[in-house]
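Q: File work_2.txt below, compact mmCIF, C-alpha atoms and all ligand atoms:
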# COMPACT_ATOMS: atom_id res chain seq x y z
CA MET A 1 3.11 -80.65 44.73
CA LYS A 2 1.08 -82.35 47.47
CA ALA A 3 -2.02 -80.16 47.51
CA VAL A 4 -4.07 -77.66 45.54
CA LEU A 5 -6.12 -74.99 47.29
CA PHE A 6 -8.96 -73.60 45.21
CA ASP A 7 -10.81 -70.36 45.34
CA LEU A 8 -14.49 -71.01 44.50
CA ASP A 9 -16.21 -68.00 42.96
CA GLY A 10 -14.83 -67.43 39.44
CA VAL A 11 -12.56 -70.50 39.51
CA ILE A 12 -14.77 -73.55 40.10
CA THR A 13 -17.99 -71.90 39.00
CA ASP A 14 -19.02 -68.51 37.72
CA THR A 15 -20.85 -67.22 40.78
CA ALA A 16 -18.86 -63.99 40.37
CA VAL A 17 -21.64 -62.77 38.05
CA TYR A 18 -24.29 -63.45 40.74
CA HIS A 19 -22.28 -61.59 43.42
CA TYR A 20 -21.99 -58.68 40.98
CA GLU A 21 -25.71 -58.71 40.17
CA ALA A 22 -26.69 -58.82 43.86
CA TRP A 23 -24.34 -55.98 44.87
CA LYS A 24 -25.45 -53.94 41.86
CA ALA A 25 -29.08 -54.27 42.94
CA LEU A 26 -28.23 -53.12 46.47
CA GLY A 27 -26.09 -50.30 45.05
CA THR A 28 -28.96 -49.08 42.87
CA LYS A 29 -31.24 -49.02 45.91
CA ILE A 30 -28.85 -46.84 47.93
CA GLY A 31 -27.73 -44.66 45.02
CA ILE A 32 -24.23 -46.06 44.43
CA ASP A 33 -23.39 -47.21 40.92
CA ILE A 34 -21.24 -50.33 40.66
CA ASP A 35 -19.65 -51.04 37.29
CA GLU A 36 -17.56 -53.98 36.14
CA GLU A 37 -14.29 -52.19 36.73
CA PHE A 38 -15.15 -51.40 40.36
CA ASN A 39 -16.49 -54.93 40.77
CA GLU A 40 -12.97 -56.30 40.18
CA GLN A 41 -12.04 -54.85 43.58
CA LEU A 42 -14.86 -56.80 45.23
CA LYS A 43 -13.77 -60.19 43.89
CA GLY A 44 -12.39 -62.40 46.63
CA VAL A 45 -13.32 -59.85 49.29
CA SER A 46 -15.63 -60.84 52.18
CA ARG A 47 -19.26 -59.74 52.30
CA THR A 48 -18.66 -57.16 55.05
CA ASP A 49 -15.50 -55.77 53.44
CA SER A 50 -17.28 -55.59 50.06
CA LEU A 51 -20.12 -53.54 51.56
CA ASN A 52 -17.61 -51.18 53.19
CA LEU A 53 -15.81 -50.67 49.85
CA ILE A 54 -19.15 -49.93 48.14
CA LEU A 55 -20.15 -47.40 50.81
CA GLU A 56 -16.73 -45.73 50.56
CA LYS A 57 -17.11 -45.49 46.78
CA GLY A 58 -20.40 -43.62 47.29
CA ASN A 59 -18.91 -41.51 50.09
CA LYS A 60 -21.48 -43.03 52.44
CA GLN A 61 -19.15 -44.82 54.82
CA ASN A 62 -20.62 -42.95 57.79
CA ALA A 63 -24.22 -42.80 56.58
CA TYR A 64 -25.46 -46.02 58.18
CA THR A 65 -25.50 -47.66 61.61
CA GLU A 66 -23.91 -51.10 62.10
CA ALA A 67 -27.41 -52.60 62.29
CA GLU A 68 -28.36 -51.00 58.96
CA LYS A 69 -25.15 -52.29 57.39
CA THR A 70 -25.86 -55.80 58.66
CA ALA A 71 -29.35 -55.57 57.17
CA MET A 72 -27.90 -54.46 53.81
CA ALA A 73 -25.39 -57.34 53.76
CA THR A 74 -28.23 -59.76 54.59
CA GLU A 75 -30.38 -58.30 51.82
CA LYS A 76 -27.55 -58.78 49.32
CA ASN A 77 -26.99 -62.34 50.52
CA ASP A 78 -30.71 -63.18 50.32
CA LEU A 79 -30.80 -62.05 46.68
CA TYR A 80 -27.54 -63.93 46.01
CA LYS A 81 -29.03 -67.11 47.48
CA THR A 82 -32.03 -66.89 45.16
CA LEU A 83 -29.67 -66.40 42.18
CA ILE A 84 -27.64 -69.54 43.04
CA GLU A 85 -30.71 -71.62 43.88
CA LYS A 86 -30.86 -73.37 40.49
CA MET A 87 -27.15 -74.14 40.20
CA SER A 88 -26.25 -77.67 39.12
CA PRO A 89 -23.19 -79.66 37.93
CA ALA A 90 -23.73 -77.99 34.53
CA ASP A 91 -22.43 -74.80 36.17
CA LEU A 92 -18.92 -76.15 36.72
CA LEU A 93 -16.47 -74.04 34.72
CA PRO A 94 -14.70 -75.76 31.78
CA GLY A 95 -11.98 -78.23 32.74
CA ILE A 96 -12.66 -78.18 36.50
CA LYS A 97 -14.26 -81.63 36.80
CA ASN A 98 -11.41 -83.11 34.77
CA LEU A 99 -8.82 -81.33 36.91
CA LEU A 100 -10.42 -82.62 40.14
CA ASP A 101 -10.40 -86.17 38.71
CA GLU A 102 -6.74 -85.83 37.67
CA LEU A 103 -5.72 -84.56 41.12
CA LYS A 104 -7.61 -87.38 42.86
CA ALA A 105 -5.96 -89.97 40.56
CA LYS A 106 -2.57 -88.58 41.57
CA ASP A 107 -3.46 -88.57 45.31
CA ILE A 108 -2.98 -84.80 45.44
CA LEU A 109 -4.98 -83.26 48.27
CA ILE A 110 -7.73 -80.77 47.45
CA GLY A 111 -8.81 -77.87 49.65
CA LEU A 112 -11.26 -74.97 49.42
CA ALA A 113 -9.99 -71.51 50.35
CA SER A 114 -13.02 -69.37 49.56
CA ALA A 115 -14.10 -66.22 51.38
CA SER A 116 -17.69 -67.24 50.75
CA GLN A 117 -19.87 -68.49 53.57
CA ASN A 118 -22.05 -70.02 50.85
CA GLY A 119 -19.15 -72.24 49.69
CA PRO A 120 -20.32 -75.60 51.12
CA VAL A 121 -23.85 -75.12 49.69
CA ILE A 122 -22.43 -74.36 46.25
CA LEU A 123 -20.09 -77.41 46.32
CA ASP A 124 -23.16 -79.53 47.11
CA LYS A 125 -25.15 -78.03 44.23
CA LEU A 126 -22.22 -78.72 41.89
CA GLN A 127 -22.00 -82.26 43.36
CA ILE A 128 -18.25 -82.02 44.02
CA THR A 129 -18.18 -81.93 47.85
CA ASN A 130 -16.61 -85.40 47.99
CA TYR A 131 -13.50 -84.23 46.13
CA PHE A 132 -12.56 -81.84 48.92
CA ASN A 133 -10.32 -83.11 51.71
CA GLU A 134 -10.70 -79.85 53.63
CA ILE A 135 -12.81 -76.68 53.50
CA VAL A 136 -11.61 -73.56 55.32
CA ASP A 137 -14.42 -71.88 57.26
CA PRO A 138 -14.06 -68.16 56.42
CA ALA A 139 -16.19 -67.19 59.45
CA LYS A 140 -13.38 -68.42 61.73
CA LEU A 141 -10.65 -66.25 60.16
CA LYS A 142 -9.35 -63.01 61.58
CA ALA A 143 -8.42 -61.46 58.25
CA GLY A 144 -9.78 -61.86 54.73
CA LYS A 145 -7.93 -61.91 51.39
CA PRO A 146 -5.41 -60.36 50.59
CA ASP A 147 -4.20 -61.50 54.03
CA PRO A 148 -2.53 -64.95 53.72
CA GLU A 149 -4.50 -66.46 56.63
CA ILE A 150 -7.06 -68.36 54.52
CA PHE A 151 -4.43 -70.15 52.39
CA VAL A 152 -2.10 -70.79 55.35
CA THR A 153 -5.06 -72.26 57.27
CA GLY A 154 -5.97 -74.42 54.28
CA ALA A 155 -2.46 -75.89 54.16
CA GLN A 156 -2.57 -76.51 57.93
CA GLN A 157 -5.95 -78.28 57.68
CA LEU A 158 -4.57 -80.49 54.89
CA GLY A 159 -1.45 -81.20 56.96
CA VAL A 160 1.01 -79.98 54.31
CA ASN A 161 3.61 -77.23 54.14
CA VAL A 162 2.74 -74.10 52.15
CA SER A 163 5.73 -74.85 49.88
CA GLU A 164 3.98 -78.10 48.83
CA CYS A 165 0.79 -76.31 47.71
CA VAL A 166 -0.47 -74.50 44.65
CA GLY A 167 -3.27 -71.94 45.04
CA VAL A 168 -5.71 -71.11 42.22
CA GLU A 169 -7.48 -67.73 42.09
CA ASP A 170 -9.38 -65.41 39.74
CA ALA A 171 -9.07 -62.25 41.87
CA ALA A 172 -6.20 -59.86 42.51
CA ALA A 173 -6.87 -59.96 46.28
CA GLY A 174 -6.74 -63.76 46.12
CA VAL A 175 -3.46 -63.89 44.19
CA ASP A 176 -1.97 -61.50 46.76
CA SER A 177 -3.23 -63.79 49.53
CA ILE A 178 -1.61 -66.90 47.96
CA ASN A 179 1.66 -65.06 47.35
CA ALA A 180 1.72 -63.72 50.91
CA ALA A 181 1.25 -67.33 52.11
CA ASN A 182 4.44 -68.18 50.15
CA MET A 183 2.60 -70.56 47.86
CA VAL A 184 2.85 -70.92 44.10
CA SER A 185 -0.09 -68.99 42.61
CA ILE A 186 -2.08 -69.64 39.45
CA GLY A 187 -4.28 -66.77 38.25
CA VAL A 188 -7.23 -67.50 35.98
CA GLY A 189 -8.24 -64.49 33.91
CA GLU A 190 -6.56 -61.41 32.54
CA ALA A 191 -2.90 -60.65 33.21
CA LYS A 192 -3.79 -56.97 33.70
CA ASN A 193 -5.64 -57.94 36.91
CA LEU A 194 -3.54 -60.92 37.97
CA GLY A 195 -0.01 -59.95 36.94
CA LYS A 196 1.46 -60.86 40.32
CA ALA A 197 0.57 -64.56 39.96
CA THR A 198 3.34 -67.10 39.40
CA LYS A 199 1.44 -68.06 36.21
CA VAL A 200 -1.66 -66.58 34.58
CA VAL A 201 -3.90 -68.64 32.28
CA PRO A 202 -6.85 -67.13 30.39
CA SER A 203 -9.38 -69.87 31.14
CA THR A 204 -10.15 -72.67 33.61
CA ALA A 205 -9.97 -74.96 30.57
CA ASP A 206 -6.19 -74.42 30.68
CA LEU A 207 -5.96 -75.83 34.21
CA THR A 208 -4.59 -79.38 34.18
CA ALA A 209 -2.79 -81.31 36.92
CA GLY A 210 0.25 -81.40 34.62
CA LEU A 211 0.31 -77.62 34.23
CA LEU A 212 -0.01 -77.06 37.98
CA GLU A 213 2.77 -79.58 38.69
CA ASP A 214 5.03 -78.01 36.04
CA VAL A 215 4.57 -74.48 37.40
CA TRP A 216 5.13 -75.74 40.95
CA SER A 217 8.29 -77.69 39.97
CA GLU A 218 9.75 -74.80 37.98
CA THR A 219 9.11 -72.38 40.85
CA ILE A 220 10.05 -74.51 43.84
CA GLY A 221 12.83 -76.22 41.89
CA ARG A 222 12.07 -79.77 42.96
CA ALA A 223 11.12 -81.46 39.73
C1 LIG B 301 -15.75 -64.49 47.44
C2 LIG B 301 -16.32 -63.66 46.32
O1 LIG B 301 -15.44 -65.77 46.97
O2 LIG B 301 -16.69 -64.61 48.49
C3 LIG B 301 -16.76 -62.29 46.84
O3 LIG B 301 -15.34 -63.49 45.30
C4 LIG B 301 -17.72 -62.49 48.01
O4 LIG B 301 -17.37 -61.59 45.79
C5 LIG B 301 -17.07 -63.36 49.07
O5 LIG B 301 -18.06 -61.22 48.57
C6 LIG B 301 -18.00 -63.63 50.25
O6 LIG B 301 -19.09 -64.42 49.81
P1 LIG B 301 -20.42 -64.67 50.64
O7 LIG B 301 -21.10 -65.76 49.85
O8 LIG B 301 -19.99 -65.15 52.01
O9 LIG B 301 -21.16 -63.40 50.68
MG MG B 302 -12.82 -65.76 43.14
Produce structure tokens that represent the structure in this file.
Ligand code: BG6
Ligand code: MG

A:
Amino acid sequence: MKAVLFDLDGVITDTAVYHYEAWKALGTKIGIDIDEEFNEQLKGVSRTDSLNLILEKGNKQNAYTEAEKTAMATEKNDLYKTLIEKMSPADLLPGIKNLLDELKAKDILIGLASASQNGPVILDKLQITNYFNEIVDPAKLKAGKPDPEIFVTGAQQLGVNVSECVGVEDAAAGVDSINAANMVSIGVGEAKNLGKATKVVPSTADLTAGLLEDVWSETIGRA
């Protein structure tokens, strides 16, 4: 294992709740109810794709012009930005700081493969930017998760082969993206949502460099 590519929201920090709150507020305004079950489908999905899924759910996919949709996505993002404003290193999920330290000590490369355009700001707030060798810019990608492009691009930026990487995700779309990139995938959360991952762990506290290396070795067969 030469590199680990991390999703951000729901893996490094629990911004998933802020995305949910911001979409729910927009949904309420336009008369579309978003519950936790539907929200699972939005995890890992880009801002524009998320809005389209919400409009489809409410049967309003043709109700707005492109300009109105852009305004709605901006409104959601403005609320999201106020919700993340006060984030600090205390918002790192359990075990993540330790994992980043372990990976650094082992000279394993670290990359960010998040669909979020707010990713770099959040890494700064969490004070972990320096750990990251590479950050994929989601605005430059043609296709979002579950397409493999973001994880393949991350491996390319780090200068490693996909077979030398492990990807870590909390969303079904993200696990599909890692698998389609032919990488070993670690899902953090419930097996009912992440069953396709190479290995599912219930909590970020379970993520150690040793676990990632073991799963990689067992899967790739190069212990
Ligand atoms: C992903 C989140 O990481 O980023 C999604 O799981 C979100 O919920 C996506 O829609 C895009 O984020 P942003 O910050 O660019 O709107
Ligand atoms: Mg996520």

Q: Dump as a Markdown table the rows for residues of chain A within 10 Å of ligand LIG 301 (chain B): closest atom pair and distance in Å with one decimal, all atoms listed in the file counted, ordered by chain and rising residue number.

A:
| residue | atom | partner | partner_atom | distance |
| --- | --- | --- | --- | --- |
| A:Asp7 | CA | B:LIG301 | O1 | 6.7 |
| A:Leu8 | CA | B:LIG301 | O1 | 5.9 |
| A:Asp9 | CA | B:LIG301 | O1 | 4.7 |
| A:Gly10 | CA | B:LIG301 | O3 | 7.1 |
| A:Val11 | CA | B:LIG301 | O1 | 9.3 |
| A:Asp14 | CA | B:LIG301 | O3 | 9.8 |
| A:Thr15 | CA | B:LIG301 | C2 | 8.0 |
| A:Ala16 | CA | B:LIG301 | O3 | 6.1 |
| A:Val17 | CA | B:LIG301 | O4 | 8.9 |
| A:Tyr18 | CA | B:LIG301 | O4 | 8.8 |
| A:His19 | CA | B:LIG301 | O4 | 5.5 |
| A:Tyr20 | CA | B:LIG301 | O4 | 7.3 |
| A:Ala22 | CA | B:LIG301 | O9 | 9.9 |
| A:Trp23 | CA | B:LIG301 | O5 | 9.0 |
| A:Asn39 | CA | B:LIG301 | O4 | 8.4 |
| A:Glu40 | CA | B:LIG301 | O4 | 8.9 |
| A:Gln41 | CA | B:LIG301 | O4 | 8.9 |
| A:Leu42 | CA | B:LIG301 | O4 | 5.4 |
| A:Lys43 | CA | B:LIG301 | O3 | 3.9 |
| A:Gly44 | CA | B:LIG301 | O3 | 3.4 |
| A:Val45 | CA | B:LIG301 | C3 | 4.9 |
| A:Ser46 | CA | B:LIG301 | C6 | 4.1 |
| A:Arg47 | CA | B:LIG301 | O5 | 4.2 |
| A:Thr48 | CA | B:LIG301 | O5 | 7.7 |
| A:Asp49 | CA | B:LIG301 | O5 | 7.7 |
| A:Ser50 | CA | B:LIG301 | O5 | 5.9 |
| A:Leu51 | CA | B:LIG301 | O5 | 8.5 |
| A:Ala73 | CA | B:LIG301 | O9 | 8.0 |
| A:Thr74 | CA | B:LIG301 | O9 | 8.9 |
| A:Lys76 | CA | B:LIG301 | O9 | 8.0 |
| A:Asn77 | CA | B:LIG301 | O9 | 5.9 |
| A:Asp78 | CA | B:LIG301 | O9 | 9.6 |
| A:Tyr80 | CA | B:LIG301 | O7 | 7.7 |
| A:Lys81 | CA | B:LIG301 | O7 | 8.4 |
| A:Ala113 | CA | B:LIG301 | O1 | 8.6 |
| A:Ser114 | CA | B:LIG301 | O1 | 5.1 |
| A:Ala115 | CA | B:LIG301 | O2 | 4.2 |
| A:Ser116 | CA | B:LIG301 | O6 | 3.3 |
| A:Gln117 | CA | B:LIG301 | O8 | 3.7 |
| A:Asn118 | CA | B:LIG301 | O7 | 4.5 |
| A:Gly119 | CA | B:LIG301 | O7 | 6.8 |
| A:Pro120 | CA | B:LIG301 | O7 | 10.0 |
| A:Val121 | CA | B:LIG301 | O7 | 9.8 |
| A:Ile122 | CA | B:LIG301 | O7 | 9.4 |
| A:Pro138 | CA | B:LIG301 | O8 | 8.0 |
| A:Ala139 | CA | B:LIG301 | O8 | 8.6 |
| A:Gly144 | CA | B:LIG301 | C5 | 9.4 |
| A:Lys145 | CA | B:LIG301 | C1 | 9.1 |
| A:Glu169 | CA | B:LIG301 | O3 | 9.5 |
| A:Asp170 | CA | B:LIG301 | O3 | 8.4 |
| A:Ala171 | CA | B:LIG301 | O3 | 7.3 |
| A:Ala173 | CA | B:LIG301 | O3 | 9.2 |
| A:Gly174 | CA | B:LIG301 | O3 | 8.6 |

Q: For the residues in that selection, give me C-alpha atoms as a PDB file, keeping the file's coordinate frame.

A:
ATOM      1  CA  ASP A   7     -10.810 -70.360  45.340  1.00  0.00           C
ATOM      2  CA  LEU A   8     -14.490 -71.010  44.500  1.00  0.00           C
ATOM      3  CA  ASP A   9     -16.210 -68.000  42.960  1.00  0.00           C
ATOM      4  CA  GLY A  10     -14.830 -67.430  39.440  1.00  0.00           C
ATOM      5  CA  VAL A  11     -12.560 -70.500  39.510  1.00  0.00           C
ATOM      6  CA  ASP A  14     -19.020 -68.510  37.720  1.00  0.00           C
ATOM      7  CA  THR A  15     -20.850 -67.220  40.780  1.00  0.00           C
ATOM      8  CA  ALA A  16     -18.860 -63.990  40.370  1.00  0.00           C
ATOM      9  CA  VAL A  17     -21.640 -62.770  38.050  1.00  0.00           C
ATOM     10  CA  TYR A  18     -24.290 -63.450  40.740  1.00  0.00           C
ATOM     11  CA  HIS A  19     -22.280 -61.590  43.420  1.00  0.00           C
ATOM     12  CA  TYR A  20     -21.990 -58.680  40.980  1.00  0.00           C
ATOM     13  CA  ALA A  22     -26.690 -58.820  43.860  1.00  0.00           C
ATOM     14  CA  TRP A  23     -24.340 -55.980  44.870  1.00  0.00           C
ATOM     15  CA  ASN A  39     -16.490 -54.930  40.770  1.00  0.00           C
ATOM     16  CA  GLU A  40     -12.970 -56.300  40.180  1.00  0.00           C
ATOM     17  CA  GLN A  41     -12.040 -54.850  43.580  1.00  0.00           C
ATOM     18  CA  LEU A  42     -14.860 -56.800  45.230  1.00  0.00           C
ATOM     19  CA  LYS A  43     -13.770 -60.190  43.890  1.00  0.00           C
ATOM     20  CA  GLY A  44     -12.390 -62.400  46.630  1.00  0.00           C
ATOM     21  CA  VAL A  45     -13.320 -59.850  49.290  1.00  0.00           C
ATOM     22  CA  SER A  46     -15.630 -60.840  52.180  1.00  0.00           C
ATOM     23  CA  ARG A  47     -19.260 -59.740  52.300  1.00  0.00           C
ATOM     24  CA  THR A  48     -18.660 -57.160  55.050  1.00  0.00           C
ATOM     25  CA  ASP A  49     -15.500 -55.770  53.440  1.00  0.00           C
ATOM     26  CA  SER A  50     -17.280 -55.590  50.060  1.00  0.00           C
ATOM     27  CA  LEU A  51     -20.120 -53.540  51.560  1.00  0.00           C
ATOM     28  CA  ALA A  73     -25.390 -57.340  53.760  1.00  0.00           C
ATOM     29  CA  THR A  74     -28.230 -59.760  54.590  1.00  0.00           C
ATOM     30  CA  LYS A  76     -27.550 -58.780  49.320  1.00  0.00           C
ATOM     31  CA  ASN A  77     -26.990 -62.340  50.520  1.00  0.00           C
ATOM     32  CA  ASP A  78     -30.710 -63.180  50.320  1.00  0.00           C
ATOM     33  CA  TYR A  80     -27.540 -63.930  46.010  1.00  0.00           C
ATOM     34  CA  LYS A  81     -29.030 -67.110  47.480  1.00  0.00           C
ATOM     35  CA  ALA A 113      -9.990 -71.510  50.350  1.00  0.00           C
ATOM     36  CA  SER A 114     -13.020 -69.370  49.560  1.00  0.00           C
ATOM     37  CA  ALA A 115     -14.100 -66.220  51.380  1.00  0.00           C
ATOM     38  CA  SER A 116     -17.690 -67.240  50.750  1.00  0.00           C
ATOM     39  CA  GLN A 117     -19.870 -68.490  53.570  1.00  0.00           C
ATOM     40  CA  ASN A 118     -22.050 -70.020  50.850  1.00  0.00           C
ATOM     41  CA  GLY A 119     -19.150 -72.240  49.690  1.00  0.00           C
ATOM     42  CA  PRO A 120     -20.320 -75.600  51.120  1.00  0.00           C
ATOM     43  CA  VAL A 121     -23.850 -75.120  49.690  1.00  0.00           C
ATOM     44  CA  ILE A 122     -22.430 -74.360  46.250  1.00  0.00           C
ATOM     45  CA  PRO A 138     -14.060 -68.160  56.420  1.00  0.00           C
ATOM     46  CA  ALA A 139     -16.190 -67.190  59.450  1.00  0.00           C
ATOM     47  CA  GLY A 144      -9.780 -61.860  54.730  1.00  0.00           C
ATOM     48  CA  LYS A 145      -7.930 -61.910  51.390  1.00  0.00           C
ATOM     49  CA  GLU A 169      -7.480 -67.730  42.090  1.00  0.00           C
ATOM     50  CA  ASP A 170      -9.380 -65.410  39.740  1.00  0.00           C
ATOM     51  CA  ALA A 171      -9.070 -62.250  41.870  1.00  0.00           C
ATOM     52  CA  ALA A 173      -6.870 -59.960  46.280  1.00  0.00           C
ATOM     53  CA  GLY A 174      -6.740 -63.760  46.120  1.00  0.00           C
TER      54      GLY A 174
END

Q: Taking (-29.7, -50.8, 45.3) in the coordinates of the supplied file, I want to know which residues reach to within 12 Å of it, counting only C-alpha atoms; could you give the answer as a PyMOL selection string?

A: chain A and resi 20-34+51+54-55+58+72-73+75-76+79

Q: What does the distance between atom CA of Pro146 of chain A and atom CA of Pro94 of chain A come to in Å, to one decimal place?

A: 26.0 Å

Q: With all atoms listed in the file as the atoms that count, which of A:Asn52, A:Asn130, A:Ser177, A:Gln157 lies nearest to ligand MG 302 (chain B)?

A: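 Closest to ligand MG 302 (chain B) of all the choices is A:Ser177.
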
Q: Which distance in Å separates atom CA of Ser217 of chain A and atom CA of Glu164 of chain A, to one decimal?

A: 9.9 Å

Q: Could you tell me which of A:Pro202, A:Val166, A:Ile12, A:Glu56 comes closest to Asp214 of chain A if we count all atoms listed in the file?

A: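 Closest candidate: A:Val166.
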
Q: For Leu112 of chain A, please output as a compact mmCIF listing (two decimals) with C-alpha atoms, in the frame of the given file all residues within 6 Å (counting only C-alpha atoms; exclusion window: fewer than 2 positions along the same chain).

A:
# COMPACT_ATOMS: atom_id res chain seq x y z
CA LEU A 5 -6.12 -74.99 47.29
CA PHE A 6 -8.96 -73.60 45.21
CA SER A 114 -13.02 -69.37 49.56
CA ILE A 135 -12.81 -76.68 53.50

Q: What residues have an atom no more than 12 Å from (-5.9, -75.2, 51.7) in the file's own frame, counting all atoms listed in the file, and can you write them as a PyMOL selection string?

A: chain A and resi 2-8+108-114+132-138+148-168+177-178+181+183

Q: If we count all atoms listed in the file and set the cut-off at 9 Å, which residues sit around Val215 of chain A, ignoring sequence neighbours fewer than 3 positions away in its own chain? Please answer as a ChimeraX atom specification.

A: /A:166,184-186,198-199,210-212,218-220

Q: Restricting the calculation to all atoms listed in the file, which member of A:Val175, A:Lys140, A:Glu190, A:Ala209 is positioned closest to ligand MG 302 (chain B)?

A: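 Closest residue, counting all atoms listed in the file: A:Val175.
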
Q: With all atoms listed in the file as the atoms that count, which of A:Val188, A:Thr129, A:Asn179, A:Trp216 lies nearest to ligand MG 302 (chain B)?

A: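 Ranking A:Val188, A:Thr129, A:Asn179, A:Trp216 by distance to ligand MG 302 (chain B), first place goes to A:Val188.
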